[in-house]
Amino acid sequence: MKTLTYRDAVNAALHEEMELDPSVFVYGIDVGDHKRIFGTTNNLVEDFGPDRCFSTPLCEETLVGFGLGAAITGQRPVNVHMRVDFLLLAMNQLANMVTTWSYGSGGSLRVPFVIRAIIGRGWGQSYQHCKSLQSIFGHIPGLRVVMPATPADAKGMLKAAIRCDDPVLVIEHRWLYDAEGVVGDLDEIAPLEGASILRPGTDLTIAATSWMNVEAMHAAKILGKAGVGCEIVDVRAVAPLDDTTVAASVAKTGYCVVADTDWVPYGLGAELAARLHERCFDSLKAPVKRVGFAFTHCPCSRPLENLFYPNAGQIVRAAEELLKLPPVDLEGEDFYSYERKFRGPF
Amino acid sequence: MKTLTYRDAVNAALHEEMELDPSVFVYGIDVGDHKRIFGTTNNLVEDFGPDRCFSTPLCEETLVGFGLGAAITGQRPVNVHMRVDFLLLAMNQLANMVTTWSYGSGGSLRVPFVIRAIIGRGWGQSYQHCKSLQSIFGHIPGLRVVMPATPADAKGMLKAAIRCDDPVLVIEHRWLYDAEGVVGDLDEIAPLEGASILRPGTDLTIAATSWMNVEAMHAAKILGKAGVGCEIVDVRAVAPLDDTTVAASVAKTGYCVVADTDWVPYGLGAELAARLHERCFDSLKAPVKRVGFAFTHCPCSRPLENLFYPNAGQIVRAAEELLKLPPVDLEGEDFYSYERKFRGPF
Amino acid sequence: MEQTLAVARQLYRRMYLIRTAEDAIVKRYHENDMKTPMHMSMGAEAIAAAVCLAIGPDSLCVSSYRSHGTYLARTLETDRFFAELYGKCGGTADGRAGSMHLSAPEQGYLGGSAIVASVIPVATGAAFSLKRLGRDAVVAVFFGDGAIDEGSFWESLNIACAWRLPVLFVCEDNGFAVHTPAGVRHGYASITDIVSRFRISAAETSTTDASLLHAATQELLADMRAAQRPGFIRMHYYRYLEHVGVNEDFAAGYRPRDEYEEWLAVDPVTTQRTRLLEAGVAEDWVAEMERGIDAQVAHSIELAVAAPFPDECILFRDVMTNENVDIS
Amino acid sequence: MEQTLAVARQLYRRMYLIRTAEDAIVKRYHENDMKTPMHMSMGAEAIAAAVCLAIGPDSLCVSSYRSHGTYLARTLETDRFFAELYGKCGGTADGRAGSMHLSAPEQGYLGGSAIVASVIPVATGAAFSLKRLGRDAVVAVFFGDGAIDEGSFWESLNIACAWRLPVLFVCEDNGFAVHTPAGVRHGYASITDIVSRFRISAAETSTTDASLLHAATQELLADMRAAQRPGFIRMHYYRYLEHVGVNEDFAAGYRPRDEYEEWLAVDPVTTQRTRLLEAGVAEDWVAEMERGIDAQVAHSIELAVAAPFPDECILFRDVMTNENVDIS
Ligand SMILES: Cc1ncc(C[n+]2csc(CCOP(=O)(O)OP(=O)(O)O)c2C)c(N)n1
Ligand SMILES: Cc1ncc(C[n+]2csc(CCOP(=O)(O)OP(=O)(O)O)c2C)c(N)n1
Ligand SMILES: [Mg+2]
Ligand SMILES: [Mg+2]
């Protein structure tokens, strides 16, 4: 039991699994350079050599196919993409190849392949470095998709992903890298399925993904002052999606806001809402509300960017609408504190 | 006013628009060979020459980027993909480039670019030639996505798509190519937005996409014998999605089945269900039910394939569950009649 | 000499098997029981036979959707092959894969793909494994002249060369992608010339003589091993049948029948048979082997026809390791 | 001679503008008001200046995220440039695009992209348009040595050559993709050698002398026009600053400062200035031009700083033509 940042938790997971299993290796564009993928691949080259952690040419489609080839011949590759947007270049390998190979071989081959894709937000990076896309990945059978929101999950889920015989896409939010928390030991893994209750409450359920859990916590504080007890459910896994935990919460609260780091139409909130209305038809006192990106391209300019990305304020407003509460004064609230802390290039 | 097959309706749309506007051209893998994309590109080479209808090298990513380049410099390209699965190779151009270029240029440039992607089913083509993926495309801002289900729409929507200044993805179901129907004249176009009522009814709404409208019609007949009046809403446009028409139907019937040619999780049914529960919270007497592909990879073997693809039978069963009716006897029904008609290779 | 003869026999066994199996497909396809799109290897038998034999049993291979040849040359078995084509239990994936996705991992044939060029990156990853494990083996990846249009061919070529991976790129060149000729698809005169400027051993051949193809492949493999780098070989052949399906398609007009007849005059299977006899192999031995294969194929088809269709429950099997997961 | 001098002046004007604008960025970036990732052109000024001038005003260009040089060489304007970097009204996209997506379509600069290599296919389509319209013009596409790793470079090269499209491929080669050197990324000795085997006019240069680059580009364009085919030119340069951002990064250890100093000795901007003076252009004329540009840049920055941020409503504008559509 140690306290680590999310960044170091990711790094520790890689270190431990590479130590335990020589078939694990890490590769991708820039994984080996001095920036070390925001520090998450620190010391891997030093400790395991350039054969087990190496930077590559720029060729996403081939890099993902490469991982498939390595995985079905005894390796456990971990491929890193600095932005999930770049993974769009490899959608063919992901949706046509990596996910189908086990099925197509009649189960003779398994594909223990981890892809880490980083999402993030802000700082004017605009519309080609802004996406999140979990619902797109979740739509493809045969792919596990997880979004750890805490250092404990960052470590535990990545370790579980590496040990898993299925392809797993781990989506990490760059803004979480500085978050601190207690993480598990060498032997501990965190399940790749199942939502978890981050904060108990009785009046309203907020189901959140990734960074939106941080916004949800903030929203819960604000709403708490107005006497609303929010239960926050960290969705954790996009596919398979655990609606049971969320439904249990909603059965209790009767209200639900889904807060997702992605576009709303055809997004994760749609799937969750569809399932919640099915499972909680009688207990839901109002329709599920969805909060996410504005359905447009991410703009560069800060004031517009702030409108593009959802935050605690929007969760509060959604909750108020559901509960028919008068809007609280958000004037004094510090909404883009992280974004203000963050300076320059990316 | 003429009666044409869906295939000839597509062909007529291309002919007419190419005739009217010299900036329209058609290109893609095999568009110019003697098979003519199931006959949909018949006579284009003959009538407009190889400069305006030409087969290409195999390079989907580049072909879509090529269309973008042509579109922003005065052309109206139409790019054809024989299987939507192949478009996964071009997801980067689609989601990062084609859809963003107008926004990024501050509106100085528009992207009048049509992509035709063919979906289909059956005949053992298995898991790399089976996808539909409309929810994935609908999740991307800046892309219009339509799925014409009738010859009239096949012609009218394709004509509208070609005249539209936005990128439009037209998804055509191969099994519809033989369907016959009355189509519009030279000047007529069909709107790229808005659902339409294919069959009126008062007891249950079936919202269907593409080929699933045919299955829905069949289901409506069966259910009609049990005294259930089904209203069939052809979704027509995936993005922007018209929930108003469906909601109006549901407000009347109180029950809804969404029948989609795609996987259910994170699929079109999720988005529609989420919106319907929001808009028809009080009128829905039961949760929206979703029918679609089995969430697995499409198998080759016919009996398994029949389990993979949804049909009228499943719609009937979904309706019965919603309406709490006893299951009707489906023994005598001919469910895979089209599939049996279709023989060999693809 | 003895060895050459042994190789020649093995080549012929493979080629005759491929031809016989495909002849049977042609004969029975109209019965409409093999419901899977057939991309026939007919005319290309020598390539699969030569390469699969040359790389040896420790090597791996991956292929495209046109993979009957590779599968049969690699495995020599037809029971699972036909069961798969019939969509039956006992097939390579119990009927879930079909003609375009045959595989035999336990014999080093990792599988095929119906997306053009998509297995080429997979080959680089498998070759990386072989290299890490220190194996003296290669990964042969088979693809058509259409696959070289795709970017992933170039990306994979680049990383294989940059990282000195033991990949043998085999371009099975029939001059067409479906019906579109290579000439209108390629902005260069010779792919082999271009590829040879990478850090690779490169070769090209247009013979249908399997023994020559085998020798050429062996030579290339020796060069690859000596230079510790990948190899590329372009092998020209003529596709006898339509792109997909079991019929001739000369009436379509995109290629003349004459061409076919020229190639047919040097048909790989009959050429190899003649070779064997010329080299002194007894006609009896050959005929005996042929009868054995005829019987094998006939028996496999009987088994496949008689086999049951797969049970419903396998529809969801092998999608994820834990099938109990609630994934809908 | 007169003409050469005129060209030399125009080259210097462009290069001095690029350098001055970027110097201003370096100076003011720490104020944290230009909130957009800057990929600086410093060190590469001669390439943008030479190519943009050589292709002429009827030609088109597209570029990567490292596009300050292209934008400025093409437009010579700085008002919209700085407004965009400051995320303000009056920018090329009223602040929605930022440094990585500058564009000036009315001046033939179609835009840039932050996805490596992704504009290369776009260039082929634009060139197809030019060809269809019968224009005597080309599309110049600028990309780095990292972009040639991507499959779409090869795909586009192939179709441009197969279809004889007037694309000028400009590889701005700084030897690094972020911090990963070309040597470990490329499985071949010379990209120019390989590309030259396609049906294309190909050239390579490592000079920082803009006049020489201009002449080389002109020669290539003449060859392209004569042969009716695309062109490829690889131009080596040294990236002065970090991959993204406005600082030096020699302390990071992945490249030595010495190297930088060698290149700095032949800095393109000072080289061109010297050239002008040597050719007899009056120092006064040069200084006057420089003062004009200094003032232009300073004024543009003032305007940008004073400009309002864009209105909320443009967040959804230009996503689709009909903004009234209910898209959420
Ligand atoms: C990425 C992709 N694009 C298009 C297709 C459709 N398609 C199937 S086979 C084929 C031609 C491939 O030609 P080649 O690689 O020469 O192989 P051959 O069939 O001649 O053996 C095409 C275009 C596909 N399967 N995958
Ligand atoms: C497809 C893609 N992969 C990765 C990245 C991340 N990335 C941004 S710039 C860059 C290096 C590009 O190098 P090069 O093409 O040589 O251009 P340079 O920056 O040197 O001008 C990388 C890897 C990206 N933007 N797009
Ligand atoms: Mg071919
Ligand atoms: Mg570079």
# chains A, B, ... in the order shown; residues from 1 in each chain; ligands from 1

call {"tool": "interface_residues", "arguments": {"of": "chain A", "to": "chain B", "cutoff": "9 Å", "atoms": "only C-alpha atoms", "output": "ChimeraX atom specification"}}
result
/A:61,85-93,95-97,99-100,103-104,127-128,133,135-142,263-275,277-279,281,286-289,295-297,299

call {"tool": "residues_around", "arguments": {"residues": "region 204-215 of chain D", "least_positions_apart": "5", "cutoff": "7 Å", "atoms": "only C-alpha atoms", "output": "number ranges by chain"}}
result
D: 8, 11, 46-47, 50-51, 54, 192, 233-237, 266-268, 271-272

call {"tool": "write_last_selection", "arguments": {"atoms": "all heavy atoms", "output": "CSV table (one decimal), in the first residue's frame"}}
result
chain,number,residue,atom,x,y,z
D,8,ALA,N,15.4,37.2,-55.2
D,8,ALA,CA,16.1,37.2,-54.0
D,8,ALA,C,15.5,38.1,-52.9
D,8,ALA,O,15.4,37.8,-51.7
D,8,ALA,CB,17.6,37.6,-54.2
D,11,LEU,N,12.3,36.5,-51.7
D,11,LEU,CA,12.6,35.4,-50.7
D,11,LEU,C,13.0,36.0,-49.4
D,11,LEU,O,12.5,35.5,-48.3
D,11,LEU,CB,13.8,34.6,-51.3
D,11,LEU,CG,13.5,33.7,-52.5
D,11,LEU,CD1,14.9,33.1,-53.0
D,11,LEU,CD2,12.6,32.5,-52.1
D,46,ALA,N,13.8,29.0,-45.3
D,46,ALA,CA,14.1,29.1,-46.7
D,46,ALA,C,13.2,28.1,-47.5
D,46,ALA,O,12.9,28.4,-48.6
D,46,ALA,CB,15.6,28.7,-46.9
D,47,ILE,N,12.8,27.0,-46.9
D,47,ILE,CA,12.0,26.0,-47.6
D,47,ILE,C,10.6,26.6,-48.0
D,47,ILE,O,10.2,26.6,-49.1
D,47,ILE,CB,11.8,24.8,-46.8
D,47,ILE,CG1,13.2,24.1,-46.5
D,47,ILE,CG2,10.9,23.8,-47.5
D,47,ILE,CD1,13.1,22.9,-45.6
D,50,ALA,N,11.1,29.6,-50.5
D,50,ALA,CA,11.5,29.1,-51.9
D,50,ALA,C,10.3,28.4,-52.6
D,50,ALA,O,10.0,28.7,-53.7
D,50,ALA,CB,12.7,28.2,-51.8
D,51,VAL,N,9.7,27.5,-51.9
D,51,VAL,CA,8.7,26.7,-52.6
D,51,VAL,C,7.5,27.5,-52.9
D,51,VAL,O,6.9,27.5,-54.0
D,51,VAL,CB,8.3,25.4,-51.7
D,51,VAL,CG1,7.2,24.7,-52.3
D,51,VAL,CG2,9.5,24.5,-51.6
D,54,ALA,N,8.2,29.8,-55.7
D,54,ALA,CA,8.4,29.1,-57.0
D,54,ALA,C,7.1,28.5,-57.6
D,54,ALA,O,7.0,28.6,-58.8
D,54,ALA,CB,9.4,27.9,-56.8
D,192,THR,N,14.9,9.5,-51.2
D,192,THR,CA,14.9,10.1,-52.5
D,192,THR,C,15.2,9.1,-53.6
D,192,THR,O,14.5,9.1,-54.6
D,192,THR,CB,15.8,11.3,-52.6
D,192,THR,OG1,15.6,12.2,-51.4
D,192,THR,CG2,15.7,12.1,-53.8
D,233,ILE,N,10.6,16.5,-53.5
D,233,ILE,CA,11.9,17.1,-53.2
D,233,ILE,C,12.0,17.0,-51.7
D,233,ILE,O,11.1,17.3,-50.9
D,233,ILE,CB,12.0,18.6,-53.7
D,233,ILE,CG1,13.4,19.1,-53.4
D,233,ILE,CG2,11.0,19.5,-53.1
D,233,ILE,CD1,13.8,20.3,-54.3
D,234,ARG,N,13.2,16.5,-51.3
D,234,ARG,CA,13.6,16.4,-49.9
D,234,ARG,C,14.5,17.5,-49.6
D,234,ARG,O,15.6,17.7,-50.2
D,234,ARG,CB,14.2,15.0,-49.7
D,234,ARG,CG,14.7,14.8,-48.3
D,234,ARG,CD,15.5,13.5,-48.3
D,234,ARG,NE,15.8,13.0,-46.9
D,234,ARG,CZ,16.7,12.0,-46.7
D,234,ARG,NH1,17.3,11.5,-47.7
D,234,ARG,NH2,17.0,11.7,-45.5
D,235,MET,N,14.1,18.3,-48.6
D,235,MET,CA,15.0,19.5,-48.2
D,235,MET,C,15.4,19.3,-46.7
D,235,MET,O,14.5,19.3,-45.8
D,235,MET,CB,14.2,20.7,-48.4
D,235,MET,CG,13.8,21.0,-49.9
D,235,MET,SD,12.8,22.5,-50.1
D,235,MET,CE,13.0,22.8,-51.8
D,236,HIS,N,16.6,19.2,-46.5
D,236,HIS,CA,17.2,19.0,-45.2
D,236,HIS,C,17.2,20.4,-44.5
D,236,HIS,O,17.6,21.4,-45.1
D,236,HIS,CB,18.6,18.4,-45.2
D,236,HIS,CG,18.6,17.0,-45.7
D,236,HIS,ND1,18.5,15.9,-44.8
D,236,HIS,CD2,18.7,16.5,-46.9
D,236,HIS,CE1,18.5,14.8,-45.6
D,236,HIS,NE2,18.7,15.1,-46.8
D,237,TYR,N,16.9,20.4,-43.2
D,237,TYR,CA,17.1,21.6,-42.4
D,237,TYR,C,17.3,21.3,-41.0
D,237,TYR,O,17.1,20.1,-40.6
D,237,TYR,CB,15.9,22.6,-42.6
D,237,TYR,CG,14.7,22.3,-41.8
D,237,TYR,CD1,14.5,23.0,-40.6
D,237,TYR,CD2,13.8,21.3,-42.2
D,237,TYR,CE1,13.4,22.6,-39.8
D,237,TYR,CE2,12.7,21.0,-41.4
D,237,TYR,CZ,12.5,21.6,-40.2
D,237,TYR,OH,11.4,21.3,-39.4
D,266,VAL,N,25.2,28.8,-41.0
D,266,VAL,CA,24.6,29.0,-42.4
D,266,VAL,C,23.1,29.3,-42.2
D,266,VAL,O,22.3,28.9,-43.1
D,266,VAL,CB,24.9,27.8,-43.3
D,266,VAL,CG1,26.3,27.8,-43.7
D,266,VAL,CG2,24.4,26.5,-42.7
D,267,ASP,N,22.7,30.0,-41.2
D,267,ASP,CA,21.3,30.4,-41.0
D,267,ASP,C,20.7,30.9,-42.2
D,267,ASP,O,21.2,31.8,-42.9
D,267,ASP,CB,21.2,31.4,-39.9
D,267,ASP,CG,19.8,31.9,-39.6
D,267,ASP,OD1,19.0,31.1,-39.1
D,267,ASP,OD2,19.5,33.0,-40.1
D,268,PRO,N,19.5,30.4,-42.6
D,268,PRO,CA,18.9,30.8,-43.9
D,268,PRO,C,18.6,32.3,-44.0
D,268,PRO,O,18.8,32.9,-45.0
D,268,PRO,CB,17.6,29.9,-43.9
D,268,PRO,CG,17.4,29.4,-42.5
D,268,PRO,CD,18.8,29.3,-41.9
D,271,THR,N,21.9,34.2,-44.2
D,271,THR,CA,22.5,33.9,-45.5
D,271,THR,C,21.9,34.7,-46.6
D,271,THR,O,22.6,35.3,-47.4
D,271,THR,CB,22.4,32.4,-45.8
D,271,THR,OG1,23.0,31.6,-44.7
D,271,THR,CG2,23.0,32.0,-47.1
D,272,GLN,N,20.6,34.8,-46.6
D,272,GLN,CA,19.9,35.4,-47.6
D,272,GLN,C,20.1,36.9,-47.6
D,272,GLN,O,20.3,37.6,-48.6
D,272,GLN,CB,18.4,35.1,-47.6
D,272,GLN,CG,17.6,35.6,-48.8
D,272,GLN,CD,18.0,34.9,-50.1
D,272,GLN,OE1,18.7,33.9,-50.1
D,272,GLN,NE2,17.5,35.4,-51.2

call {"tool": "atom_distance", "arguments": {"atom1": "CA of Leu322 (chain A)", "atom2": "CA of Ala149 (chain A)"}}
result
25.6 Å

call {"tool": "closest_atom_pairs", "arguments": {"of": "chain D", "to": "chain C", "cutoff": "7 Å", "atoms": "only C-alpha atoms", "output": "Markdown table"}}
result
| residue | atom | partner | partner_atom | distance |
| --- | --- | --- | --- | --- |
| D:Asp149 | CA | C:Glu155 | CA | 6.3 |
| D:Glu150 | CA | C:Glu155 | CA | 6.2 |
| D:Gly151 | CA | C:Gly151 | CA | 3.4 |
| D:Ser152 | CA | C:Gly151 | CA | 5.5 |
| D:Trp154 | CA | C:Gly151 | CA | 5.9 |
| D:Glu155 | CA | C:Gly151 | CA | 5.4 |
| D:Asn158 | CA | C:Gly187 | CA | 4.9 |
| D:Ile159 | CA | C:Gly187 | CA | 6.4 |
| D:Cys161 | CA | C:Gly187 | CA | 4.4 |
| D:Ala162 | CA | C:Gly187 | CA | 3.7 |
| D:Val184 | CA | C:Ala162 | CA | 6.6 |
| D:Arg185 | CA | C:Ala162 | CA | 6.3 |
| D:His186 | CA | C:Ala162 | CA | 5.4 |
| D:Gly187 | CA | C:Ala162 | CA | 3.7 |
| D:Tyr188 | CA | C:Phe198 | CA | 4.3 |
| D:Ile194 | CA | C:Ile194 | CA | 5.9 |
| D:Arg197 | CA | C:Ile194 | CA | 6.1 |
| D:Phe198 | CA | C:Tyr188 | CA | 4.3 |
| D:Arg199 | CA | C:Tyr188 | CA | 5.3 |

call {"tool": "residues_near_ligand", "arguments": {"ligand": "ligand 2", "cutoff": "9 Å", "atoms": "only C-alpha atoms and all ligand atoms", "output": "PyMOL selection string"}}
result
(chain A and resi 29-30+57-60+81-83+85-89+128-129) or (chain B and resi 92) or (chain D and resi 39-41+64-67+113-118+143-150+171-182+239+243-244)

call {"tool": "atom_distance", "arguments": {"atom1": "CA of Thr75 (chain D)", "atom2": "CA of Ser59 (chain D)"}}
result
12.8 Å

call {"tool": "residues_around", "arguments": {"residues": "region 12-27 of chain D", "least_positions_apart": "4", "cutoff": "8 Å", "atoms": "only C-alpha atoms", "output": "ChimeraX atom specification"}}
result
/D:8,40-42,45-46,49,68-69,72-73,76,78,246-247,268-269,272-273,289-290,293-294,297

call {"tool": "write_last_selection", "arguments": {"atoms": "N, CA and C atoms", "output": "compact mmCIF listing (two decimals), in the first residue's frame"}}
result
# COMPACT_ATOMS: atom_id res chain seq x y z
N ALA D 8 15.36 37.17 -55.20
CA ALA D 8 16.13 37.18 -53.95
C ALA D 8 15.48 38.11 -52.93
N MET D 40 7.35 25.36 -34.19
CA MET D 40 7.99 26.50 -34.83
C MET D 40 8.73 26.13 -36.12
N SER D 41 8.72 27.07 -37.03
CA SER D 41 9.38 26.88 -38.31
C SER D 41 10.84 27.35 -38.28
N MET D 42 11.29 27.83 -37.15
CA MET D 42 12.61 28.46 -37.10
C MET D 42 13.72 27.54 -37.58
N GLU D 45 12.98 28.47 -42.63
CA GLU D 45 12.35 29.56 -43.37
C GLU D 45 12.60 29.49 -44.87
N ALA D 46 13.78 29.04 -45.26
CA ALA D 46 14.12 29.05 -46.68
C ALA D 46 13.22 28.12 -47.49
N ALA D 49 9.72 29.74 -48.03
CA ALA D 49 9.88 30.90 -48.91
C ALA D 49 10.14 30.46 -50.34
N HIS D 68 3.74 27.72 -39.68
CA HIS D 68 3.88 29.19 -39.65
C HIS D 68 4.57 29.67 -40.92
N GLY D 69 5.63 28.94 -41.28
CA GLY D 69 6.41 29.33 -42.45
C GLY D 69 5.57 29.32 -43.72
N LEU D 72 2.89 32.15 -43.72
CA LEU D 72 3.41 33.51 -43.89
C LEU D 72 4.04 33.71 -45.26
N ALA D 73 4.74 32.70 -45.74
CA ALA D 73 5.35 32.81 -47.07
C ALA D 73 4.28 32.93 -48.14
N LEU D 76 1.88 36.49 -46.68
CA LEU D 76 2.59 37.72 -46.29
C LEU D 76 1.78 38.57 -45.29
N THR D 78 -0.10 39.14 -41.43
CA THR D 78 0.08 38.72 -40.04
C THR D 78 -1.12 39.05 -39.14
N VAL D 246 8.61 26.93 -27.60
CA VAL D 246 9.45 28.01 -28.10
C VAL D 246 10.85 28.00 -27.50
N ASN D 247 11.20 26.91 -26.84
CA ASN D 247 12.50 26.88 -26.19
C ASN D 247 13.50 26.02 -26.95
N PRO D 268 19.54 30.38 -42.60
CA PRO D 268 18.91 30.78 -43.87
C PRO D 268 18.61 32.27 -43.96
N VAL D 269 18.17 32.86 -42.88
CA VAL D 269 17.77 34.27 -42.95
C VAL D 269 18.99 35.17 -43.12
N GLN D 272 20.58 34.75 -46.56
CA GLN D 272 19.88 35.44 -47.64
C GLN D 272 20.15 36.94 -47.58
N ARG D 273 20.23 37.45 -46.37
CA ARG D 273 20.52 38.89 -46.22
C ARG D 273 21.90 39.20 -46.84
N MET D 289 12.94 47.58 -45.52
CA MET D 289 11.99 46.47 -45.61
C MET D 289 11.83 45.79 -44.26
N GLU D 290 12.94 45.61 -43.60
CA GLU D 290 12.90 44.96 -42.28
C GLU D 290 12.08 45.78 -41.30
N ILE D 293 8.47 45.30 -41.90
CA ILE D 293 7.96 44.02 -41.37
C ILE D 293 7.88 44.04 -39.85
N ASP D 294 8.90 44.62 -39.23
CA ASP D 294 8.87 44.73 -37.76
C ASP D 294 7.58 45.44 -37.32
N VAL D 297 4.40 43.30 -37.90
CA VAL D 297 4.24 42.26 -36.88
C VAL D 297 3.79 42.88 -35.56

call {"tool": "interface_residues", "arguments": {"of": "chain A", "to": "chain C", "cutoff": "7 Å", "atoms": "only C-alpha atoms", "output": "ChimeraX atom specification"}}
result
/A:59,61-62,65-70,73,75,102-108,142,165-166,240

call {"tool": "write_last_selection", "arguments": {"atoms": "N, CA, C and O atoms", "output": "short mmCIF file (atom, residue, chain, number, x, y, z; two decimals), in the first residue's frame"}}
result
data_model
loop_
_atom_site.label_atom_id
_atom_site.label_comp_id
_atom_site.auth_asym_id
_atom_site.auth_seq_id
_atom_site.Cartn_x
_atom_site.Cartn_y
_atom_site.Cartn_z
N CYS A 59 3.33 4.83 -37.68
CA CYS A 59 2.53 3.99 -38.58
C CYS A 59 1.53 3.21 -37.74
O CYS A 59 1.67 2.01 -37.54
N GLU A 61 -1.54 1.99 -38.00
CA GLU A 61 -2.20 0.78 -38.49
C GLU A 61 -1.26 -0.42 -38.33
O GLU A 61 -1.65 -1.46 -37.81
N THR A 62 -0.04 -0.24 -38.76
CA THR A 62 0.91 -1.34 -38.67
C THR A 62 1.29 -1.64 -37.23
O THR A 62 1.47 -2.80 -36.85
N GLY A 65 -1.41 -3.82 -35.81
CA GLY A 65 -1.31 -5.15 -36.40
C GLY A 65 -0.08 -5.89 -35.88
O GLY A 65 -0.12 -7.11 -35.65
N PHE A 66 0.98 -5.17 -35.67
CA PHE A 66 2.21 -5.72 -35.10
C PHE A 66 1.92 -6.32 -33.72
O PHE A 66 2.35 -7.43 -33.41
N GLY A 67 1.16 -5.59 -32.94
CA GLY A 67 0.81 -6.08 -31.61
C GLY A 67 0.01 -7.37 -31.68
O GLY A 67 0.24 -8.31 -30.91
N LEU A 68 -0.91 -7.42 -32.63
CA LEU A 68 -1.69 -8.65 -32.83
C LEU A 68 -0.75 -9.82 -33.16
O LEU A 68 -0.85 -10.90 -32.56
N GLY A 69 0.15 -9.58 -34.10
CA GLY A 69 1.09 -10.64 -34.50
C GLY A 69 1.95 -11.12 -33.34
O GLY A 69 2.19 -12.32 -33.18
N ALA A 70 2.39 -10.17 -32.53
CA ALA A 70 3.22 -10.54 -31.38
C ALA A 70 2.38 -11.28 -30.34
O ALA A 70 2.84 -12.26 -29.74
N THR A 73 1.69 -14.95 -30.88
CA THR A 73 2.89 -15.79 -30.93
C THR A 73 3.65 -15.72 -29.61
O THR A 73 4.87 -15.83 -29.58
N GLN A 75 3.79 -13.24 -27.07
CA GLN A 75 4.17 -12.02 -26.36
C GLN A 75 2.94 -11.37 -25.74
O GLN A 75 1.81 -11.71 -26.07
N SER A 102 -9.18 -14.27 -32.33
CA SER A 102 -9.41 -15.41 -31.45
C SER A 102 -10.61 -16.22 -31.97
O SER A 102 -10.55 -17.45 -32.10
N TYR A 103 -11.68 -15.53 -32.27
CA TYR A 103 -12.89 -16.16 -32.83
C TYR A 103 -12.57 -16.90 -34.12
O TYR A 103 -12.96 -18.05 -34.31
N GLY A 104 -11.86 -16.24 -35.01
CA GLY A 104 -11.56 -16.81 -36.32
C GLY A 104 -10.67 -18.03 -36.25
O GLY A 104 -10.68 -18.86 -37.16
N SER A 105 -9.90 -18.13 -35.19
CA SER A 105 -9.03 -19.30 -35.04
C SER A 105 -9.73 -20.39 -34.24
O SER A 105 -9.10 -21.35 -33.83
N GLY A 106 -11.02 -20.19 -34.02
CA GLY A 106 -11.76 -21.18 -33.24
C GLY A 106 -11.27 -21.28 -31.81
O GLY A 106 -11.39 -22.32 -31.17
N GLY A 107 -10.70 -20.18 -31.33
CA GLY A 107 -10.23 -20.15 -29.95
C GLY A 107 -8.84 -20.74 -29.76
O GLY A 107 -8.33 -20.77 -28.63
N SER A 108 -8.20 -21.18 -30.84
CA SER A 108 -6.84 -21.72 -30.69
C SER A 108 -5.86 -20.63 -30.30
O SER A 108 -4.86 -20.89 -29.65
N GLY A 142 -15.57 -8.05 -28.74
CA GLY A 142 -14.24 -8.63 -28.59
C GLY A 142 -13.19 -7.68 -28.05
O GLY A 142 -12.03 -8.07 -27.90
N ASP A 165 -6.15 -12.27 -21.35
CA ASP A 165 -5.91 -12.88 -22.65
C ASP A 165 -6.73 -12.24 -23.78
O ASP A 165 -6.68 -12.70 -24.92
N ASP A 166 -7.49 -11.22 -23.45
CA ASP A 166 -8.25 -10.50 -24.48
C ASP A 166 -7.56 -9.17 -24.80
O ASP A 166 -6.84 -8.64 -23.97
N PRO A 240 -16.86 -4.81 -21.22
CA PRO A 240 -18.29 -4.89 -20.95
C PRO A 240 -18.70 -3.80 -19.95
O PRO A 240 -17.95 -3.50 -19.02
#

call {"tool": "select_by_dssp", "arguments": {"residues": "region 32-245 of chain D", "states": "helix (DSSP H, G or I)", "output": "PyMOL selection string"}}
result
chain D and resi 45-55+68-75+79-85+99-101+105-107+119-132+147-149+151-162+182-185+191-195+210-227

call {"tool": "select_by_dssp", "arguments": {"residues": "region 186-240 of chain A", "states": "strand (DSSP E)", "output": "list in words"}}
result
Ser196, Ile197, Leu198, Arg199, Leu204, Thr205, Ile206, Ala207, Ala208, Cys230, Glu231, Ile232, Val233, Asp234, Ala237, Val238 and Ala239 of chain A
